[in-house]
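Raw contents of model_31.txt, compact mmCIF, C-alpha atoms (C1' of nucleotides):
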# COMPACT_ATOMS: atom_id res chain seq x y z
CA MET A 1 125.84 109.30 72.32
CA PRO A 2 125.24 105.62 73.10
CA PRO A 3 126.94 103.16 70.75
CA SER A 4 124.54 101.72 68.18
CA ASP A 5 125.91 98.19 68.33
CA ASN A 6 125.78 97.29 72.03
CA GLN A 7 123.93 94.34 73.53
CA LEU A 8 120.85 96.34 74.45
CA MET A 9 120.45 97.63 70.90
CA THR A 10 120.92 94.06 69.66
CA PHE A 11 117.96 93.14 71.90
CA TYR A 12 116.00 95.98 70.36
CA HIS A 13 116.64 94.89 66.80
CA ILE A 14 115.83 91.26 67.53
CA LEU A 15 112.56 92.20 69.22
CA LEU A 16 111.54 94.64 66.50
CA GLU A 17 112.28 92.07 63.82
CA SER A 18 110.35 89.36 65.67
CA PHE A 19 107.29 91.29 66.77
CA GLY A 20 107.17 94.26 64.42
CA PRO A 21 106.14 97.78 65.49
CA GLN A 22 103.75 97.81 68.44
CA HIS A 23 102.12 101.16 67.64
CA TRP A 24 102.12 102.50 71.18
CA TRP A 25 100.56 104.08 73.19
CA PRO A 26 97.08 102.77 72.37
CA GLY A 27 94.98 105.92 72.87
CA ASP A 28 93.37 108.64 70.78
CA THR A 29 94.55 111.71 72.68
CA SER A 30 97.34 112.76 75.02
CA PHE A 31 94.84 113.10 77.84
CA GLU A 32 93.58 109.59 77.25
CA VAL A 33 97.17 108.38 77.52
CA MET A 34 97.55 110.17 80.86
CA VAL A 35 94.39 108.52 82.18
CA GLY A 36 95.47 105.13 80.86
CA ALA A 37 98.86 105.48 82.53
CA VAL A 38 97.20 105.63 85.95
CA LEU A 39 94.56 103.00 85.21
CA THR A 40 97.10 100.44 84.01
CA GLN A 41 99.05 100.41 87.26
CA ASN A 42 99.55 96.73 88.07
CA THR A 43 96.64 95.93 85.78
CA ASN A 44 96.09 94.08 82.53
CA TRP A 45 95.48 96.46 79.63
CA SER A 46 92.27 94.73 78.54
CA ASN A 47 90.72 95.74 81.86
CA VAL A 48 91.91 99.32 81.37
CA GLU A 49 90.27 99.42 77.95
CA LYS A 50 86.93 98.58 79.52
CA ALA A 51 87.29 101.42 82.00
CA ILE A 52 88.33 103.90 79.32
CA ASN A 53 85.43 102.84 77.13
CA ASN A 54 83.08 103.46 80.02
CA LEU A 55 84.45 106.99 80.37
CA LYS A 56 84.16 107.58 76.63
CA THR A 57 80.64 106.22 76.42
CA ALA A 58 79.61 108.47 79.29
CA ASN A 59 81.26 111.35 77.40
CA LEU A 60 83.38 112.15 80.45
CA LEU A 61 86.91 111.68 79.17
CA THR A 62 87.99 115.30 79.44
CA PRO A 63 90.09 116.97 82.17
CA GLU A 64 87.31 119.34 83.17
CA LYS A 65 84.68 116.64 83.49
CA LEU A 66 86.87 114.18 85.37
CA ASN A 67 87.96 116.99 87.67
CA THR A 68 84.42 117.76 88.79
CA LEU A 69 82.92 114.27 88.61
CA SER A 70 81.95 112.77 91.96
CA PRO A 71 84.46 110.19 93.19
CA LYS A 72 81.64 107.71 93.61
CA LYS A 73 80.57 108.02 89.97
CA LEU A 74 84.16 107.87 88.73
CA ALA A 75 84.89 104.76 90.78
CA GLU A 76 81.84 103.10 89.31
CA LEU A 77 82.99 103.81 85.75
CA ILE A 78 86.57 102.66 86.19
CA ARG A 79 85.62 99.59 88.21
CA PRO A 80 86.78 97.09 85.55
CA ALA A 81 90.37 98.39 85.89
CA GLY A 82 90.57 97.16 89.47
CA TYR A 83 91.74 99.10 92.57
CA PHE A 84 88.96 101.48 91.60
CA ASN A 85 88.80 103.43 94.85
CA ILE A 86 92.49 104.18 94.99
CA LYS A 87 92.68 104.85 91.26
CA THR A 88 89.79 107.31 91.55
CA ARG A 89 91.86 109.33 94.01
CA ARG A 90 95.01 109.05 91.92
CA LEU A 91 93.26 110.02 88.71
CA GLN A 92 91.63 113.04 90.30
CA ASN A 93 94.92 114.09 91.89
CA LEU A 94 96.53 114.08 88.45
CA VAL A 95 93.62 115.82 86.75
CA ARG A 96 93.31 118.45 89.49
CA TRP A 97 96.99 119.33 89.04
CA PHE A 98 96.62 119.42 85.26
CA CYS A 99 93.60 121.75 85.41
CA ALA A 100 94.80 123.97 88.24
CA GLU A 101 98.42 124.43 87.23
CA TYR A 102 98.28 124.13 83.45
CA ASP A 103 94.71 125.03 82.52
CA ALA A 104 94.28 121.48 81.18
CA GLN A 105 96.52 122.38 78.23
CA ILE A 106 98.82 119.62 77.00
CA LYS A 107 100.78 122.28 75.15
CA CYS A 108 101.66 123.96 78.45
CA LEU A 109 103.08 120.72 79.80
CA GLN A 110 105.09 120.23 76.63
CA GLU A 111 106.87 123.52 77.20
CA LEU A 112 108.49 122.10 80.34
CA SER A 113 111.74 120.13 80.45
CA VAL A 114 111.73 116.39 81.08
CA ASP A 115 113.37 116.95 84.49
CA ARG A 116 110.81 119.54 85.54
CA LEU A 117 107.90 117.37 84.33
CA ARG A 118 109.25 114.39 86.18
CA GLU A 119 109.66 116.37 89.37
CA GLU A 120 106.15 117.77 89.19
CA LEU A 121 104.49 114.50 88.24
CA LEU A 122 106.30 112.61 90.99
CA SER A 123 105.03 115.12 93.53
CA ILE A 124 101.46 114.03 92.78
CA ASN A 125 100.19 111.34 95.11
CA GLY A 126 99.54 108.26 93.03
CA VAL A 127 102.01 109.08 90.26
CA GLY A 128 105.17 107.04 90.62
CA ARG A 129 108.19 106.70 88.36
CA GLU A 130 106.72 104.46 85.70
CA THR A 131 103.49 106.43 85.48
CA ALA A 132 105.39 109.72 85.27
CA ASP A 133 107.76 108.44 82.59
CA SER A 134 104.88 106.91 80.60
CA ILE A 135 103.07 110.25 80.59
CA ILE A 136 106.22 112.14 79.59
CA LEU A 137 107.12 109.75 76.77
CA TYR A 138 103.78 108.66 75.41
CA ALA A 139 101.45 111.58 76.17
CA LEU A 140 103.91 114.46 75.87
CA GLU A 141 106.34 112.86 73.41
CA LYS A 142 109.47 113.82 75.26
CA PRO A 143 112.51 111.54 75.66
CA THR A 144 112.54 109.54 78.87
CA PHE A 145 112.99 105.78 79.07
CA VAL A 146 110.11 103.93 80.72
CA VAL A 147 111.06 101.05 82.99
CA ASP A 148 108.57 98.46 84.16
CA THR A 149 108.53 94.99 85.70
CA TYR A 150 109.09 93.39 82.30
CA THR A 151 112.11 95.58 81.60
CA TYR A 152 113.57 94.57 84.93
CA ARG A 153 112.76 90.90 84.43
CA VAL A 154 114.15 90.63 80.90
CA LEU A 155 117.34 92.56 81.61
CA SER A 156 118.10 90.86 84.91
CA ARG A 157 117.38 87.36 83.60
CA HIS A 158 119.81 87.94 80.76
CA GLY A 159 122.43 89.32 83.09
CA LEU A 160 122.53 92.81 81.60
CA ILE A 161 121.66 94.56 84.87
CA ASP A 162 122.38 93.85 88.50
CA PRO A 163 119.24 92.18 89.92
CA GLU A 164 119.53 94.59 92.86
CA SER A 165 119.14 97.61 90.56
CA ASP A 166 116.40 100.07 91.38
CA TYR A 167 114.20 101.94 88.90
CA GLU A 168 116.55 104.88 88.41
CA GLN A 169 119.56 102.65 87.85
CA ILE A 170 117.78 100.60 85.20
CA LYS A 171 116.54 103.75 83.51
CA GLU A 172 120.07 105.14 83.49
CA TYR A 173 121.45 101.91 82.04
CA CYS A 174 118.89 102.04 79.24
CA GLU A 175 119.45 105.70 78.49
CA MET A 176 123.21 105.13 78.39
CA ASN A 177 122.87 102.33 75.86
CA VAL A 178 119.85 103.08 73.70
CA THR A 179 119.93 105.53 70.79
CA PRO A 180 118.27 108.62 72.29
CA GLU A 181 115.33 109.00 69.96
CA ILE A 182 111.76 109.33 71.12
CA ALA A 183 110.54 106.83 68.52
CA ILE A 184 113.06 104.24 69.73
CA TYR A 185 112.29 104.79 73.43
CA ASN A 186 108.63 104.44 72.53
CA GLU A 187 109.06 101.24 70.55
CA PHE A 188 111.56 99.61 72.89
CA HIS A 189 109.38 99.86 75.96
CA ALA A 190 106.41 98.53 74.01
CA LEU A 191 108.53 95.62 72.77
CA PHE A 192 109.67 94.83 76.32
CA VAL A 193 106.02 94.61 77.33
CA ARG A 194 105.20 92.42 74.34
CA LEU A 195 108.10 90.09 75.12
CA GLY A 196 107.10 90.04 78.77
CA LYS A 197 103.48 89.20 78.07
CA ASP A 198 104.36 86.41 75.67
CA TYR A 199 107.45 84.89 77.25
CA CYS A 200 109.03 86.64 80.21
CA LYS A 201 106.43 85.86 82.86
CA PRO A 202 107.26 85.25 86.52
CA ARG A 203 107.44 81.63 85.36
CA PRO A 204 109.37 82.06 82.12
CA LYS A 205 108.17 80.45 78.89
CA CYS A 206 111.48 80.46 77.06
CA GLU A 207 110.49 78.03 74.34
CA ASN A 208 110.15 79.96 71.06
CA CYS A 209 111.28 83.19 72.73
CA PRO A 210 112.90 85.34 70.04
CA LEU A 211 115.85 86.05 72.31
CA ARG A 212 116.56 82.37 72.79
CA SER A 213 118.56 81.71 69.64
CA PHE A 214 120.75 84.71 70.44
CA GLU A 215 121.28 83.78 74.06
CA HIS A 216 124.72 82.34 73.42
CA THR A 217 125.94 85.66 72.00
CA ILE A 218 124.92 87.60 75.11
CA GLN A 219 127.71 88.38 77.51
CA PRO A 220 126.19 88.64 80.98
CA GLN A 221 127.52 91.55 83.03
CA TYR A 222 126.12 90.24 86.31
C1' DG B 1 91.32 77.50 92.11
C1' DA B 2 95.81 79.52 91.40
C1' DC B 3 98.28 82.70 88.92
C1' DC B 4 99.02 86.96 86.71
C1' DA B 5 98.50 91.86 85.15
C1' DG B 6 102.17 97.97 81.45
C1' DG B 7 102.48 100.27 90.45
C1' DC B 8 102.19 103.00 94.30
C1' DA B 9 101.88 104.65 98.99
C1' DC B 10 102.07 103.69 103.56
C1' DA B 11 102.98 101.10 107.99
C1' DT B 12 106.29 98.93 110.55
C1' DC B 13 110.66 97.35 111.94
C1' DG C 1 116.73 102.41 104.58
C1' DA C 2 114.66 97.98 103.70
C1' DT C 3 110.82 95.02 103.77
C1' DG C 4 105.87 93.83 103.92
C1' DT C 5 101.10 94.81 102.80
C1' DG C 6 96.67 96.65 100.90
C1' DC C 7 94.44 97.81 96.90
C1' DA C 8 90.48 94.56 93.07
C1' DT C 9 88.85 93.24 88.56
C1' DG C 10 89.01 89.88 84.91
C1' DG C 11 91.46 86.57 81.72
C1' DT C 12 94.02 82.13 81.35
Structure re-expressed in structure tokens:
Amino acid sequence: MPPSDNQLMTFYHILLESFGPQHWWPGDTSFEVMVGAVLTQNTNWSNVEKAINNLKTANLLTPEKLNTLSPKKLAELIRPAGYFNIKTRRLQNLVRWFCAEYDAQIKCLQELSVDRLREELLSINGVGRETADSIILYALEKPTFVVDTYTYRVLSRHGLIDPESDYEQIKEYCEMNVTPEIAIYNEFHALFVRLGKDYCKPRPKCENCPLRSFEHTIQPQY
DNA sequence: GACCAGGCACATC
DNA sequence: GATGTGCATGGT
């Protein structure tokens, strides 16, 4: 059991106090979360919302319908999310697997272990580590820590991880140090994103960053 | 006009 | 194994 008073949990409490709960993942159903996880790859969420709204308006946001929709039509609808040709393939790869292997039943996926889910999701072309972990945590509500560019940026800039760390190493560091509760994994990742959007950009905007006044208490490990 | 966004697969060395 | 590149829209 990770200690509850380490530096990473201090980060968590500061961020939660500063920003409040983020209410993630923004989506009405588990399937919508799965779709959003692919659409948001390297893409601003506001663009993803447009694409998802297009699918909803066309009444096509179901596994069965997306599975049989023509790639051309799907690409047209998700155009606002960018990379629409490649995301069409990726989305249909995911949906095809979901329909063929699990009868499009979220419940069937939820019966699997995190390790098994991760293995299967990662075998789908177009589903990488962050997308897989996002689906497992936010769509299936199982405990896996989601790492993204913001997580990397925040932790490496504050010296808590080796800047050479890869995805799995950062994930392991987080899971070793964060209280293993789904609600906390959920909130923490969302807070990392919030912090990243507001302050921890490629060009940092550290003025008024909630972590700034606590900087002196952080003991860099790297 | 430049920069950035809740990645990923693939080519090439 | 590591590094570089294509994919694309839309907001700031």
Taking only C-alpha atoms (C1' of nucleotides) into account, find every residue of chain A that has an atom no more than 7 Å from chain C, and write it out as a PyMOL selection string. chain A and resi 47+80-83+86
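The coordinates place CA of Leu140 (chain A) at 20.5 Å from CA of Phe192 (chain A).
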Correct to one decimal, the distance CA of Thr68 (chain A)-CA of Lys87 (chain A) is 15.5 Å
Please indicate the distance in Å from CA of Leu160 (chain A) to CA of Leu122 (chain A), rounded to one decimal place. 27.3 Å
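Selecting chain A residues within 9 Å of chain B and counting all atoms listed in the file yields Ala37, Val38, Thr40, Gln41, Asn42, Thr43, Asn44, Trp45, Asn125, Gly126, Val127, Gly128, Arg129, Glu130, Thr131, Asp148, Thr149, Tyr150, Ala190, Val193, Lys201 and Pro202 of chain A.
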Near region 26-33 of chain A, within 12 Å and counting all atoms listed in the file, which residues show up once chain neighbours fewer than 3 positions away are dropped, as a PyMOL selection string? (chain A and resi 22-23+36-40+45-46+48-49+51-53+55-56+60-64+66+91+94-95+98-99+104-107+109-110+131-141+186+190) or (chain B and resi 6)
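Between Pro143 (chain A) and the residues A:Ala183, A:Val35, A:Leu112, A:Ile170, the shortest atom-to-atom distance, using all atoms listed in the file, involves A:Ala183.
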Only N, CA and C atoms (P, O5', C5', C4', C3', O3' and C1' of nucleotides), please: chain C from the block, as a PDB file, in the first residue's frame.
ATOM      1  P    DG C   1      15.854  -4.954 -28.225  1.00  0.00           P
ATOM      2  O5'  DG C   1      15.987  -3.373 -28.293  1.00  0.00           O
ATOM      3  C5'  DG C   1      16.806  -2.749 -27.346  1.00  0.00           C
ATOM      4  C4'  DG C   1      17.270  -1.417 -27.858  1.00  0.00           C
ATOM      5  C3'  DG C   1      16.316  -0.278 -27.515  1.00  0.00           C
ATOM      6  O3'  DG C   1      17.110   0.804 -27.078  1.00  0.00           O
ATOM      7  C1'  DG C   1      16.766  -0.272 -29.833  1.00  0.00           C
ATOM      8  P    DA C   2      16.678   1.974 -26.229  1.00  0.00           P
ATOM      9  O5'  DA C   2      16.805   3.160 -27.283  1.00  0.00           O
ATOM     10  C5'  DA C   2      18.094   3.591 -27.684  1.00  0.00           C
ATOM     11  C4'  DA C   2      17.967   4.521 -28.881  1.00  0.00           C
ATOM     12  C3'  DA C   2      17.024   5.706 -28.642  1.00  0.00           C
ATOM     13  O3'  DA C   2      17.765   6.866 -28.870  1.00  0.00           O
ATOM     14  C1'  DA C   2      16.543   4.614 -30.709  1.00  0.00           C
ATOM     15  P    DT C   3      17.475   8.306 -28.715  1.00  0.00           P
ATOM     16  O5'  DT C   3      17.146   8.828 -30.188  1.00  0.00           O
ATOM     17  C5'  DT C   3      17.954   8.495 -31.292  1.00  0.00           C
ATOM     18  C4'  DT C   3      17.216   8.881 -32.556  1.00  0.00           C
ATOM     19  C3'  DT C   3      16.302  10.105 -32.405  1.00  0.00           C
ATOM     20  O3'  DT C   3      16.609  11.040 -33.422  1.00  0.00           O
ATOM     21  C1'  DT C   3      15.156   8.352 -33.457  1.00  0.00           C
ATOM     22  P    DG C   4      15.886  12.391 -33.632  1.00  0.00           P
ATOM     23  O5'  DG C   4      14.973  12.064 -34.905  1.00  0.00           O
ATOM     24  C5'  DG C   4      15.608  11.561 -36.088  1.00  0.00           C
ATOM     25  C4'  DG C   4      14.611  11.466 -37.228  1.00  0.00           C
ATOM     26  C3'  DG C   4      13.705  12.690 -37.391  1.00  0.00           C
ATOM     27  O3'  DG C   4      13.545  12.908 -38.792  1.00  0.00           O
ATOM     28  C1'  DG C   4      12.375  10.753 -36.988  1.00  0.00           C
ATOM     29  P    DT C   5      12.661  14.089 -39.327  1.00  0.00           P
ATOM     30  O5'  DT C   5      11.289  13.348 -39.653  1.00  0.00           O
ATOM     31  C5'  DT C   5      11.287  12.302 -40.623  1.00  0.00           C
ATOM     32  C4'  DT C   5       9.863  11.855 -40.886  1.00  0.00           C
ATOM     33  C3'  DT C   5       8.851  13.001 -41.037  1.00  0.00           C
ATOM     34  O3'  DT C   5       8.066  12.747 -42.188  1.00  0.00           O
ATOM     35  C1'  DT C   5       8.076  11.457 -39.431  1.00  0.00           C
ATOM     36  P    DG C   6       7.177  13.905 -42.816  1.00  0.00           P
ATOM     37  O5'  DG C   6       5.751  13.210 -42.878  1.00  0.00           O
ATOM     38  C5'  DG C   6       5.611  11.935 -43.505  1.00  0.00           C
ATOM     39  C4'  DG C   6       4.261  11.345 -43.135  1.00  0.00           C
ATOM     40  C3'  DG C   6       3.098  12.330 -43.280  1.00  0.00           C
ATOM     41  O3'  DG C   6       2.008  11.637 -43.894  1.00  0.00           O
ATOM     42  C1'  DG C   6       3.173  11.500 -41.057  1.00  0.00           C
ATOM     43  P    DC C   7       0.793  12.465 -44.445  1.00  0.00           P
ATOM     44  O5'  DC C   7      -0.289  12.313 -43.294  1.00  0.00           O
ATOM     45  C5'  DC C   7      -0.818  11.026 -42.979  1.00  0.00           C
ATOM     46  C4'  DC C   7      -1.549  11.122 -41.666  1.00  0.00           C
ATOM     47  C3'  DC C   7      -2.576  12.270 -41.591  1.00  0.00           C
ATOM     48  O3'  DC C   7      -3.806  11.725 -41.174  1.00  0.00           O
ATOM     49  C1'  DC C   7      -1.287  12.161 -39.661  1.00  0.00           C
ATOM     50  P    DA C   8      -5.123  12.151 -41.831  1.00  0.00           P
ATOM     51  O5'  DA C   8      -5.306  13.589 -41.161  1.00  0.00           O
ATOM     52  C5'  DA C   8      -5.240  14.755 -41.924  1.00  0.00           C
ATOM     53  C4'  DA C   8      -6.032  15.805 -41.176  1.00  0.00           C
ATOM     54  C3'  DA C   8      -5.995  17.209 -41.795  1.00  0.00           C
ATOM     55  O3'  DA C   8      -7.247  17.805 -41.505  1.00  0.00           O
ATOM     56  C1'  DA C   8      -5.093  17.299 -39.660  1.00  0.00           C
ATOM     57  P    DT C   9      -7.813  19.053 -42.250  1.00  0.00           P
ATOM     58  O5'  DT C   9      -8.877  19.609 -41.212  1.00  0.00           O
ATOM     59  C5'  DT C   9      -9.709  18.703 -40.505  1.00  0.00           C
ATOM     60  C4'  DT C   9      -9.899  19.202 -39.074  1.00  0.00           C
ATOM     61  C3'  DT C   9     -10.317  20.671 -39.004  1.00  0.00           C
ATOM     62  O3'  DT C   9     -11.559  20.732 -38.327  1.00  0.00           O
ATOM     63  C1'  DT C   9      -8.501  20.231 -37.528  1.00  0.00           C
ATOM     64  P    DG C  10     -12.405  22.084 -38.362  1.00  0.00           P
ATOM     65  O5'  DG C  10     -11.874  22.881 -37.086  1.00  0.00           O
ATOM     66  C5'  DG C  10     -12.070  22.321 -35.793  1.00  0.00           C
ATOM     67  C4'  DG C  10     -11.400  23.191 -34.756  1.00  0.00           C
ATOM     68  C3'  DG C  10     -11.644  24.696 -34.921  1.00  0.00           C
ATOM     69  O3'  DG C  10     -11.777  25.236 -33.613  1.00  0.00           O
ATOM     70  C1'  DG C  10      -9.371  24.308 -34.838  1.00  0.00           C
ATOM     71  P    DG C  11     -12.581  26.561 -33.332  1.00  0.00           P
ATOM     72  O5'  DG C  11     -11.878  27.080 -32.003  1.00  0.00           O
ATOM     73  C5'  DG C  11     -11.613  26.205 -30.931  1.00  0.00           C
ATOM     74  C4'  DG C  11     -10.439  26.690 -30.116  1.00  0.00           C
ATOM     75  C3'  DG C  11     -10.454  28.197 -29.843  1.00  0.00           C
ATOM     76  O3'  DG C  11     -10.108  28.390 -28.485  1.00  0.00           O
ATOM     77  C1'  DG C  11      -8.422  27.588 -30.900  1.00  0.00           C
ATOM     78  P    DT C  12     -10.192  29.858 -27.824  1.00  0.00           P
ATOM     79  O5'  DT C  12      -8.641  30.284 -27.789  1.00  0.00           O
ATOM     80  C5'  DT C  12      -7.716  29.494 -27.055  1.00  0.00           C
ATOM     81  C4'  DT C  12      -6.330  30.114 -27.163  1.00  0.00           C
ATOM     82  C3'  DT C  12      -6.308  31.640 -26.944  1.00  0.00           C
ATOM     83  O3'  DT C  12      -5.236  31.934 -26.059  1.00  0.00           O
ATOM     84  C1'  DT C  12      -5.200  31.083 -28.953  1.00  0.00           C
TER      85       DT C  12
END
